[in-house]
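Enquirer: Structure supplied as run-v1.cif; contents: mmCIF, C-alpha atoms and all ligand atoms.
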data_target
loop_
_atom_site.label_atom_id
_atom_site.label_comp_id
_atom_site.auth_asym_id
_atom_site.auth_seq_id
_atom_site.Cartn_x
_atom_site.Cartn_y
_atom_site.Cartn_z
CA MET A 338 -9.67 135.51 -34.68
CA THR A 339 -10.59 138.97 -35.97
CA ASN A 340 -9.13 141.85 -34.00
CA ARG A 341 -12.20 143.92 -33.10
CA LEU A 342 -11.21 147.56 -33.51
CA TYR A 343 -14.50 148.89 -32.11
CA TYR A 344 -13.63 147.45 -28.69
CA ASP A 345 -11.05 150.19 -28.19
CA ASP A 346 -12.67 152.92 -30.26
CA SER A 347 -16.40 153.11 -31.01
CA TYR A 348 -15.74 156.24 -33.07
CA LEU A 349 -13.39 154.60 -35.58
CA THR A 350 -15.11 154.79 -38.98
CA GLN A 351 -12.24 153.91 -41.36
CA PHE A 352 -9.57 151.24 -41.17
CA GLU A 353 -7.09 149.23 -43.22
CA ALA A 354 -7.10 145.41 -43.10
CA VAL A 355 -6.03 142.25 -44.92
CA VAL A 356 -8.48 139.63 -46.24
CA THR A 357 -7.96 136.33 -44.39
CA ALA A 358 -10.76 134.27 -46.00
CA CYS A 359 -13.40 134.59 -48.71
CA ILE A 360 -16.30 132.14 -49.10
CA GLU A 361 -18.83 132.16 -51.96
CA THR A 362 -22.41 131.62 -50.74
CA HIS A 363 -25.83 131.52 -52.43
CA ASN A 364 -26.28 135.26 -51.77
CA GLY A 365 -22.87 136.83 -52.27
CA TYR A 366 -19.49 136.43 -50.58
CA GLU A 367 -18.48 136.26 -46.95
CA ILE A 368 -15.05 137.57 -46.07
CA SER A 369 -13.06 137.72 -42.87
CA LEU A 370 -10.32 140.26 -42.12
CA ASP A 371 -7.32 140.34 -39.76
CA GLN A 372 -8.98 143.32 -38.06
CA SER A 373 -12.35 145.09 -38.41
CA ALA A 374 -14.29 148.07 -37.09
CA PHE A 375 -17.56 146.48 -38.28
CA TYR A 376 -19.87 145.47 -35.44
CA PRO A 377 -21.51 142.05 -35.95
CA THR A 378 -25.16 141.52 -34.95
CA SER A 379 -24.99 140.48 -31.29
CA GLY A 380 -26.25 141.35 -27.84
CA GLY A 381 -29.42 142.92 -29.29
CA GLN A 382 -27.47 145.45 -31.35
CA PRO A 383 -27.81 145.17 -35.16
CA HIS A 384 -24.73 144.94 -37.39
CA ASP A 385 -23.01 147.87 -39.02
CA ARG A 386 -23.24 148.69 -42.70
CA GLY A 387 -20.69 150.34 -44.93
CA SER A 388 -18.09 149.34 -47.50
CA ILE A 389 -14.93 147.28 -47.82
CA SER A 390 -12.89 148.68 -50.71
CA ARG A 391 -15.51 148.84 -53.52
CA SER A 392 -17.89 146.28 -52.03
CA ILE A 393 -21.00 147.15 -50.09
CA VAL A 394 -21.29 145.40 -46.71
CA VAL A 395 -24.88 144.23 -46.26
CA ASP A 396 -24.46 141.96 -43.22
CA VAL A 397 -21.90 141.35 -40.48
CA PHE A 398 -22.01 138.35 -38.16
CA CYS A 399 -19.80 136.39 -35.81
CA ASP A 400 -19.18 132.63 -35.86
CA ASP A 401 -18.75 130.34 -32.85
CA LEU A 402 -14.97 130.77 -32.95
CA GLY A 403 -15.23 134.55 -32.65
CA GLU A 404 -14.39 135.25 -36.30
CA ILE A 405 -16.28 138.22 -37.81
CA TRP A 406 -17.75 137.68 -41.30
CA HIS A 407 -18.69 140.48 -43.68
CA ARG A 408 -21.24 139.74 -46.42
CA ILE A 409 -20.32 141.59 -49.60
CA ASP A 410 -21.44 141.49 -53.25
CA GLN A 411 -18.12 140.66 -54.99
CA PRO A 412 -15.17 138.36 -54.18
CA LEU A 413 -11.88 139.55 -52.66
CA SER A 414 -8.72 137.41 -52.78
CA VAL A 415 -7.06 136.28 -49.56
CA GLY A 416 -4.10 138.54 -48.78
CA THR A 417 -5.65 141.61 -50.44
CA LYS A 418 -5.21 144.86 -48.50
CA VAL A 419 -8.58 146.56 -48.14
CA HIS A 420 -10.00 149.83 -46.85
CA GLY A 421 -13.08 149.55 -44.64
CA GLU A 422 -15.55 152.31 -43.92
CA ILE A 423 -18.62 152.03 -41.71
CA ASP A 424 -21.92 153.94 -42.04
CA TRP A 425 -21.45 156.34 -39.13
CA GLN A 426 -25.04 157.59 -38.95
CA ARG A 427 -26.30 154.03 -38.40
CA ARG A 428 -23.50 153.20 -35.94
CA PHE A 429 -23.98 156.36 -33.86
CA ASP A 430 -27.75 155.71 -33.69
CA HIS A 431 -27.00 152.22 -32.31
CA MET A 432 -24.49 153.71 -29.84
CA GLN A 433 -27.13 156.13 -28.56
CA GLN A 434 -29.74 153.36 -28.16
CA HIS A 435 -27.25 150.96 -26.54
CA GLY A 436 -25.73 153.57 -24.23
CA GLY A 437 -29.23 154.67 -23.23
CA GLU A 438 -30.14 151.06 -22.46
CA HIS A 439 -27.31 150.82 -19.90
CA ILE A 440 -28.51 153.99 -18.16
CA LEU A 441 -32.12 152.82 -18.22
CA ALA A 442 -31.32 149.30 -16.95
CA GLY A 443 -29.14 150.74 -14.16
CA SER A 444 -31.86 153.21 -13.13
CA LEU A 445 -34.50 150.44 -13.19
CA TRP A 446 -32.32 148.42 -10.83
CA ASP A 447 -31.62 151.34 -8.49
CA LEU A 448 -35.26 152.49 -8.30
CA PHE A 449 -37.25 149.23 -8.36
CA ARG A 450 -34.72 146.37 -8.30
CA GLY A 451 -35.97 145.52 -11.81
CA PHE A 452 -33.56 143.03 -13.42
CA THR A 453 -32.94 143.62 -17.13
CA HIS A 454 -32.37 140.43 -19.18
CA GLY A 455 -31.95 141.49 -22.75
CA LEU A 456 -31.89 144.37 -25.18
CA HIS A 457 -33.39 144.54 -28.65
CA ILE A 458 -32.61 147.54 -30.84
CA GLY A 459 -35.28 147.57 -33.56
CA ASN A 460 -35.63 149.72 -36.66
CA GLU A 461 -38.20 151.93 -34.97
CA LEU A 462 -37.80 151.46 -31.23
CA SER A 463 -35.79 149.51 -28.69
CA THR A 464 -36.98 147.22 -25.92
CA ILE A 465 -35.65 145.60 -22.77
CA ASP A 466 -37.24 142.65 -20.93
CA VAL A 467 -37.27 143.07 -17.18
CA THR A 468 -38.12 140.88 -14.18
CA MET A 469 -39.62 142.86 -11.32
CA PRO A 470 -39.07 141.60 -7.74
CA ASP A 471 -42.84 141.24 -7.18
CA GLY A 472 -43.35 139.60 -10.58
CA ARG A 473 -45.48 142.37 -12.03
CA THR A 474 -45.34 143.01 -15.77
CA ARG A 475 -46.17 146.72 -16.00
CA LEU A 476 -44.97 150.01 -14.55
CA GLU A 477 -47.44 152.63 -13.37
CA ALA A 478 -47.42 155.91 -15.33
CA GLU A 479 -45.83 157.72 -12.35
CA GLU A 480 -43.11 155.07 -12.11
CA CYS A 481 -42.27 155.53 -15.79
CA LEU A 482 -41.93 159.29 -15.20
CA GLU A 483 -39.72 158.69 -12.17
CA LEU A 484 -37.52 156.26 -14.12
CA GLU A 485 -37.30 158.62 -17.09
CA LYS A 486 -36.32 161.46 -14.77
CA LEU A 487 -33.51 159.53 -13.09
CA ALA A 488 -32.18 158.14 -16.40
CA ASN A 489 -32.16 161.58 -18.04
CA SER A 490 -30.51 163.20 -15.03
CA ARG A 491 -27.70 160.66 -15.39
CA ILE A 492 -27.36 161.57 -19.06
CA GLN A 493 -27.23 165.24 -18.16
CA GLN A 494 -24.39 164.59 -15.71
CA ALA A 495 -22.38 164.03 -18.91
CA VAL A 496 -20.01 161.58 -17.26
CA PRO A 497 -17.59 159.26 -19.09
CA MET A 498 -18.68 155.85 -20.38
CA ARG A 499 -15.66 153.61 -20.22
CA ALA A 500 -15.04 150.12 -21.70
CA TRP A 501 -12.09 147.87 -20.79
CA PHE A 502 -10.94 144.28 -20.28
CA PRO A 503 -10.11 143.85 -16.59
CA THR A 504 -7.84 141.13 -15.16
CA GLN A 505 -9.62 138.35 -13.29
CA GLN A 506 -8.29 139.90 -10.08
CA GLU A 507 -9.78 143.31 -10.88
CA LEU A 508 -13.00 141.69 -12.12
CA ASN A 509 -13.52 140.05 -8.73
CA THR A 510 -13.60 143.48 -7.09
CA LEU A 511 -15.94 145.25 -9.53
CA PRO A 512 -19.49 146.14 -8.39
CA LEU A 513 -21.27 144.71 -11.47
CA ARG A 514 -25.05 145.19 -11.76
CA LYS A 515 -25.34 141.56 -12.92
CA ASP A 516 -23.08 138.56 -13.42
CA PRO A 517 -21.34 138.24 -16.81
CA THR A 518 -22.79 135.54 -19.12
CA THR A 519 -19.33 134.44 -20.36
CA HIS A 520 -16.15 133.43 -18.52
CA LYS A 521 -13.42 134.54 -20.95
CA ASN A 522 -12.54 137.96 -22.41
CA ILE A 523 -14.99 139.82 -20.23
CA ARG A 524 -15.33 143.43 -21.29
CA ILE A 525 -16.72 145.85 -18.76
CA VAL A 526 -18.72 148.97 -19.62
CA ALA A 527 -19.19 151.58 -16.91
CA ALA A 528 -21.04 154.89 -16.85
CA GLY A 529 -19.98 157.37 -14.17
CA ASP A 530 -20.19 155.77 -10.74
CA PHE A 531 -23.75 154.53 -11.17
CA GLU A 532 -23.59 151.76 -13.76
CA MET A 533 -21.28 148.83 -14.49
CA VAL A 534 -21.93 145.61 -16.45
CA ALA A 535 -20.18 143.24 -18.85
CA CYS A 536 -20.95 144.16 -22.48
CA GLY A 537 -19.39 143.77 -25.93
CA GLY A 538 -21.39 146.48 -27.71
CA THR A 539 -20.60 149.99 -28.90
CA HIS A 540 -21.48 152.97 -26.68
CA PRO A 541 -20.72 156.71 -26.61
CA ASP A 542 -17.69 157.83 -24.59
CA ASN A 543 -19.86 160.18 -22.55
CA THR A 544 -23.44 159.78 -21.28
CA GLY A 545 -24.19 163.30 -22.59
CA GLU A 546 -24.05 161.99 -26.17
CA ILE A 547 -27.09 159.80 -25.55
CA GLY A 548 -28.98 163.11 -25.59
CA LEU A 549 -32.39 162.04 -24.32
CA ILE A 550 -34.21 158.91 -23.16
CA LYS A 551 -37.95 158.66 -23.72
CA ILE A 552 -39.90 155.71 -22.36
CA LEU A 553 -42.76 154.78 -24.69
CA GLY A 554 -44.47 152.26 -22.40
CA THR A 555 -44.42 148.90 -20.66
CA ALA A 556 -46.34 145.74 -21.55
CA PRO A 557 -46.34 142.11 -20.38
CA VAL A 558 -44.47 139.75 -22.73
CA ARG A 559 -44.01 136.07 -21.80
CA GLY A 560 -44.31 136.78 -18.09
CA LYS A 561 -41.82 139.63 -18.09
CA LEU A 562 -42.15 143.39 -18.25
CA ARG A 563 -41.18 144.70 -21.69
CA LEU A 564 -40.20 148.34 -21.67
CA SER A 565 -39.94 150.20 -24.98
CA PHE A 566 -37.88 153.35 -25.35
CA LEU A 567 -36.15 155.76 -27.72
CA CYS A 568 -32.81 157.52 -27.31
CA GLY A 569 -31.02 160.46 -28.88
CA GLU A 570 -31.96 161.39 -32.43
CA ARG A 571 -34.83 158.86 -32.42
CA ALA A 572 -36.35 160.50 -29.32
CA LEU A 573 -36.03 163.93 -30.95
CA ARG A 574 -37.72 162.75 -34.18
CA ASN A 575 -40.52 161.19 -32.15
CA TYR A 576 -41.01 164.47 -30.25
CA GLN A 577 -41.09 166.41 -33.53
CA THR A 578 -43.74 164.08 -35.00
CA LEU A 579 -45.90 164.28 -31.89
CA MET A 580 -45.55 168.07 -31.74
CA GLN A 581 -46.73 168.29 -35.36
CA SER A 582 -49.87 166.29 -34.50
CA ALA A 583 -50.44 168.25 -31.28
CA ASN A 584 -50.07 171.52 -33.19
CA MET A 585 -52.61 170.44 -35.80
CA ILE A 586 -55.11 169.39 -33.13
CA SER A 587 -54.52 172.61 -31.19
CA THR A 588 -55.17 174.73 -34.31
CA ALA A 589 -58.21 172.69 -35.35
CA LEU A 590 -59.77 172.94 -31.88
CA SER A 591 -58.62 176.53 -31.27
CA VAL A 592 -57.28 175.63 -27.83
CA PRO A 593 -53.76 176.08 -26.42
CA MET A 594 -51.57 173.00 -26.93
CA GLN A 595 -51.52 172.22 -23.18
CA GLU A 596 -55.32 171.89 -23.26
CA ILE A 597 -55.85 169.66 -26.28
CA ALA A 598 -56.82 166.65 -24.12
CA GLN A 599 -59.68 168.62 -22.51
CA GLY A 600 -60.48 170.01 -25.99
CA VAL A 601 -60.89 166.55 -27.49
CA SER A 602 -62.85 165.36 -24.47
CA SER A 603 -65.38 168.20 -24.71
CA LEU A 604 -65.60 167.65 -28.48
CA LEU A 605 -66.54 164.01 -27.83
CA ASP A 606 -69.16 165.13 -25.29
CA GLN A 607 -70.64 167.50 -27.87
CA GLN A 608 -70.65 164.74 -30.45
CA ALA A 609 -72.53 162.38 -28.12
CA GLN A 610 -75.07 165.12 -27.41
CA LEU A 611 -75.54 165.84 -31.11
CA ARG A 612 -75.98 162.14 -31.81
CA GLU A 613 -78.79 162.05 -29.24
CA GLU A 614 -80.42 165.09 -30.82
CA ILE A 615 -80.19 163.60 -34.30
CA LYS A 616 -81.74 160.37 -33.05
CA HIS A 617 -84.57 162.33 -31.49
CA LEU A 618 -85.14 164.43 -34.62
CA ARG A 619 -85.14 161.30 -36.80
CA GLN A 620 -87.78 159.70 -34.61
CA GLU A 621 -89.88 162.83 -34.84
CA GLN A 622 -89.46 162.93 -38.62
CA VAL A 623 -90.49 159.28 -38.93
CA HIS A 624 -93.60 159.94 -36.84
CA LEU A 625 -94.54 162.93 -39.00
CA LYS A 626 -93.99 160.96 -42.20
CA ALA A 627 -96.05 158.02 -40.94
CA LYS A 628 -98.87 160.36 -39.94
CA SER A 629 -98.82 162.14 -43.29
CA LEU A 630 -98.87 158.78 -45.15
CA LEU A 631 -101.82 157.63 -43.06
CA ASP A 632 -103.71 160.87 -43.83
CA LYS A 633 -103.26 160.24 -47.55
CA ALA A 634 -104.20 156.53 -47.36
CA ILE A 635 -107.09 155.05 -49.38
CA THR A 636 -109.88 153.79 -47.13
CA LEU A 637 -111.41 150.54 -48.33
CA ASN A 638 -115.05 149.44 -47.82
CA ASP A 639 -114.32 147.63 -44.55
CA GLY A 640 -112.46 150.61 -43.14
CA THR A 641 -108.99 149.19 -43.87
CA LYS A 642 -106.52 151.90 -44.79
CA LEU A 643 -104.17 151.17 -47.69
CA VAL A 644 -100.85 153.08 -47.75
CA LYS A 645 -98.65 152.92 -50.84
CA ALA A 646 -95.47 155.00 -50.78
CA GLN A 647 -91.95 155.21 -52.11
CA LEU A 648 -89.58 156.51 -49.41
CA SER A 649 -86.29 158.26 -50.10
CA GLN A 650 -84.43 156.57 -47.21
CA GLU A 651 -84.16 152.79 -47.07
CA THR A 652 -83.36 153.07 -43.34
CA GLU A 653 -86.85 154.52 -42.73
CA LEU A 654 -88.72 151.56 -44.22
CA LYS A 655 -88.90 149.48 -41.04
CA ASP A 656 -89.59 152.33 -38.64
CA ILE A 657 -92.39 153.82 -40.75
CA ALA A 658 -93.95 150.42 -41.50
CA SER A 659 -93.93 149.54 -37.78
CA LEU A 660 -95.60 152.84 -36.86
CA LEU A 661 -98.24 152.46 -39.60
CA ILE A 662 -99.28 148.92 -38.61
CA SER A 663 -99.37 149.81 -34.93
CA GLU A 664 -102.64 151.51 -35.94
CA LYS A 665 -105.76 149.37 -36.42
CA ARG A 666 -106.52 147.96 -39.89
CA VAL A 667 -103.62 149.30 -41.97
CA ILE A 668 -101.86 147.74 -44.95
CA ALA A 669 -98.55 149.40 -45.88
CA LEU A 670 -96.91 148.82 -49.26
CA LEU A 671 -93.54 150.60 -49.00
CA GLY A 672 -90.51 150.75 -51.23
CA SER A 673 -87.25 152.61 -51.49
CA LEU A 674 -85.30 152.96 -54.72
CA GLN A 675 -81.70 151.75 -54.63
CA LYS A 676 -79.13 152.64 -57.26
CA GLU A 677 -78.98 149.80 -59.83
CA LYS A 678 -80.58 147.37 -57.38
CA GLY A 679 -84.21 148.33 -58.02
CA LEU A 680 -86.65 148.72 -55.15
CA ARG A 681 -86.18 147.52 -51.56
CA LEU A 682 -89.65 146.45 -50.48
CA LEU A 683 -91.49 146.22 -47.19
CA PHE A 684 -95.13 145.00 -47.15
CA ALA A 685 -96.78 144.97 -43.73
CA ARG A 686 -100.24 144.88 -42.18
CA SER A 687 -101.94 145.31 -38.81
CA LYS A 688 -102.34 142.14 -36.71
CA GLU A 689 -106.11 141.84 -37.02
CA LEU A 690 -106.03 141.63 -40.85
CA ASP A 691 -105.41 138.33 -42.61
CA GLU A 692 -103.70 139.15 -45.93
CA ASP A 693 -100.45 137.24 -46.46
CA MET A 694 -97.84 139.91 -47.26
CA THR A 695 -95.14 137.40 -48.26
CA ALA A 696 -97.50 135.74 -50.72
CA LEU A 697 -98.57 139.15 -52.08
CA MET A 698 -94.93 140.11 -52.67
CA ARG A 699 -94.26 136.86 -54.53
CA ASP A 700 -97.52 136.99 -56.50
CA CYS A 701 -96.40 140.37 -57.83
CA GLY A 702 -93.12 138.80 -59.02
CA ALA A 703 -90.82 140.24 -56.32
CA LYS A 704 -88.20 138.32 -54.38
CA GLY A 705 -88.78 138.31 -50.66
CA GLY A 706 -89.71 136.60 -47.46
CA GLY A 707 -90.60 137.11 -43.85
CA ARG A 708 -93.83 136.72 -41.92
CA ALA A 709 -97.39 136.87 -43.18
CA ASP A 710 -97.81 140.32 -41.55
CA PHE A 711 -94.34 141.71 -42.25
CA ALA A 712 -92.47 140.84 -45.49
CA GLN A 713 -89.27 142.27 -46.89
CA GLY A 714 -87.89 141.88 -50.39
CA SER A 715 -86.73 143.53 -53.58
CA SER A 716 -87.77 144.00 -57.16
CA LYS A 717 -86.23 145.37 -60.34
CA ASP A 718 -89.69 146.41 -61.50
CA VAL A 719 -90.32 149.97 -60.32
CA ASN A 720 -94.10 149.55 -60.89
CA ILE A 721 -94.31 146.83 -58.27
CA LEU A 722 -96.00 149.04 -55.62
CA GLN A 723 -98.78 150.02 -58.04
CA MET A 724 -99.11 146.37 -59.06
CA ALA A 725 -99.44 145.22 -55.47
CA LYS A 726 -102.01 147.91 -54.73
CA SER A 727 -104.18 146.90 -57.77
CA TYR A 728 -103.85 143.26 -56.82
CA LEU A 729 -105.13 144.00 -53.34
CA LEU A 730 -108.01 146.16 -54.55
CA ASN A 731 -109.09 143.47 -57.04
CA HIS A 732 -108.70 140.43 -54.83
CA ARG A 733 -110.10 141.70 -51.55
CA HIS A 734 -113.55 140.54 -50.64
ZN ZN A 801 -23.67 147.64 -23.86
#
Starting from the file, lay out its structure as structure tokens.
Ligand SMILES: [Zn+2]
Expert:
Amino acid sequence: MTNRLYYDDSYLTQFEAVVTACIETHNGYEISLDQSAFYPTSGGQPHDRGSISRSIVVDVFCDDLGEIWHRIDQPLSVGTKVHGEIDWQRRFDHMQQHGGEHILAGSLWDLFRGFTHGLHIGNELSTIDVTMPDGRTRLEAEECLELEKLANSRIQQAVPMRAWFPTQQELNTLPLRKDPTTHKNIRIVAAGDFEMVACGGTHPDNTGEIGLIKILGTAPVRGKLRLSFLCGERALRNYQTLMQSANMISTALSVPMQEIAQGVSSLLDQQAQLREEIKHLRQEQVHLKAKSLLDKAITLNDGTKLVKAQLSQETELKDIASLLISEKRVIALLGSLQKEKGLRLLFARSKELDEDMTALMRDCGAKGGGRADFAQGSSKDVNILQMAKSYLLNHRH
């Protein structure tokens, strides 16, 4: 079984070892060593990366017997002495997230008796799944602040984080936050005098190195409360990104950064007000246009008014047509020119008239449909309105 060097020293980045097995697989080679500082994916913490002699280590995992396997891109003979080196930046990031998780889970237990089941350290953020005593699956905003405050105060105490393998006798006396999930080789991780659980992961030697814990939020997932958080460098980067956005908003709104929420809120109020004003002005404009079209209409022998017009806005077709035919004895032949699509058409008439507008549209060669008093369609022929007008003048009794 591989001797796991990270158990005793999470800060060990280089080591010497001897190859004990090498297996060729469909995507490279898997080797085992007599000892390794490489952490295998387990307990929610992703594997380390780095190199073994000249080979790049792309994956590290553990088999059922406790052997650690390193996936590399070229074979190494059994018995070869190798030099291993782990990617420290990646490892330390995982140590900060994992150490922070212990502090957070301990604080959740102390404040709310929330029981943490599992950790997942993702590429972007980390999560823990928690069972609350009353079964709820969210924390209130104030509770998140309270939890964040306690967890960060424990970080700021900068107390040692210690990992060791106790004897069964000692184990029986330890005040663990939860029962270990295994029975053999139980490794205990403790932080100050406020946190103690069984864990095989890598953590900083001092809570101070976690730097900062930021809770991002809680959400229900499969009946449990999922809490997402960032620690250390990740929390700092997140703060920097948010500050950049807040700064931009503050400058754009010309309000101090502390007041951007009110700034955005009053901007939205203004926008709603302006939208109302625009709606009102549009209605007024449509009324004026309809009136002006009616003034210029041809009056036929029976008093029917014939309006023929090409409008600039397609959106106005319906509104203007409806206003025109709300008057007595009006026929409206309206169109609006669309780029490459020809004319959008709307032929409509007042209720008391009997011309069939759909038939008129089709008789003039346009595509369209609708009711006898209100037809919509289109035509490629830009002379269609004139054609429809002549047709009406010639065919009306
Ligand atoms: Zn741990």
Enquirer: Tell me which of A:Thr474, A:Met580, A:Pro377, A:Glu422 sits closest to Val558 in chain A, counting all atoms listed in the file.
Expert: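 Of A:Thr474, A:Met580, A:Pro377, A:Glu422, the one nearest Val558 in chain A is A:Thr474, counting all atoms listed in the file.
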Enquirer: Determine, for each residue of chain A having at least one atom at most 8 Å from an atom of ligand ZN 801 (chain A), the closest pair of atoms and their separation in Å to one decimal, counting all atoms listed in the file; order by chain and ascending number, as a Markdown table.
Expert:
| residue | atom | partner | partner_atom | distance |
| --- | --- | --- | --- | --- |
| A:Gly380 | CA | A:ZN801 | ZN | 7.9 |
| A:His435 | CA | A:ZN801 | ZN | 5.6 |
| A:Gly436 | CA | A:ZN801 | ZN | 6.3 |
| A:Glu438 | CA | A:ZN801 | ZN | 7.5 |
| A:His439 | CA | A:ZN801 | ZN | 6.2 |
| A:Val526 | CA | A:ZN801 | ZN | 6.7 |
| A:Val534 | CA | A:ZN801 | ZN | 7.9 |
| A:Ala535 | CA | A:ZN801 | ZN | 7.5 |
| A:Cys536 | CA | A:ZN801 | ZN | 4.6 |
| A:Gly537 | CA | A:ZN801 | ZN | 6.1 |
| A:Gly538 | CA | A:ZN801 | ZN | 4.6 |
| A:Thr539 | CA | A:ZN801 | ZN | 6.4 |
| A:His540 | CA | A:ZN801 | ZN | 6.4 |
Enquirer: Please save C-alpha atoms of the selected residues as an mmCIF file, in the frame of the given file.
Expert:
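Output file again_36.cif follows:
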data_model
loop_
_atom_site.group_PDB
_atom_site.id
_atom_site.type_symbol
_atom_site.label_atom_id
_atom_site.label_comp_id
_atom_site.auth_asym_id
_atom_site.auth_seq_id
_atom_site.Cartn_x
_atom_site.Cartn_y
_atom_site.Cartn_z
ATOM 1 C CA GLY A 380 -26.250 141.350 -27.840
ATOM 2 C CA HIS A 435 -27.250 150.960 -26.540
ATOM 3 C CA GLY A 436 -25.730 153.570 -24.230
ATOM 4 C CA GLU A 438 -30.140 151.060 -22.460
ATOM 5 C CA HIS A 439 -27.310 150.820 -19.900
ATOM 6 C CA VAL A 526 -18.720 148.970 -19.620
ATOM 7 C CA VAL A 534 -21.930 145.610 -16.450
ATOM 8 C CA ALA A 535 -20.180 143.240 -18.850
ATOM 9 C CA CYS A 536 -20.950 144.160 -22.480
ATOM 10 C CA GLY A 537 -19.390 143.770 -25.930
ATOM 11 C CA GLY A 538 -21.390 146.480 -27.710
ATOM 12 C CA THR A 539 -20.600 149.990 -28.900
ATOM 13 C CA HIS A 540 -21.480 152.970 -26.680
#
Enquirer: Got a sec: who's within 10 Å of Phe352 in chain A, counting only C-alpha atoms, leaving out chain neighbours fewer than 3 positions off, as a list of chain:residue names?
Expert: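 Counting only the stated atoms, we get A:Leu342, A:Leu349, A:Gln372, A:Ser373, A:Ala374, A:Phe375, A:Ile389, A:Val419, A:His420, A:Gly421, A:Glu422, A:Ile423.
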Enquirer: Check the smallest atom-to-atom distance from each of A:Lys688, A:Lys655, A:Arg563, A:Lys665 to Thr453 in chain A using all atoms listed in the file, then report the winner.
Expert: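 Checking each of A:Lys688, A:Lys655, A:Arg563, A:Lys665 against Thr453 in chain A, counting all atoms listed in the file, the winner is A:Arg563.
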Enquirer: Starting from 3 Å padding per side, set up an axis-aligned box that covers all listed atoms of range 650-659 of chain A and hand over centre and edge lengths in Å, one decimal, as lines of an AutoDock Vina configuration file.
Expert:
center_x = -88.7
center_y = 153.0
center_z = -42.5
size_x = 16.6
size_y = 13.1
size_z = 15.4
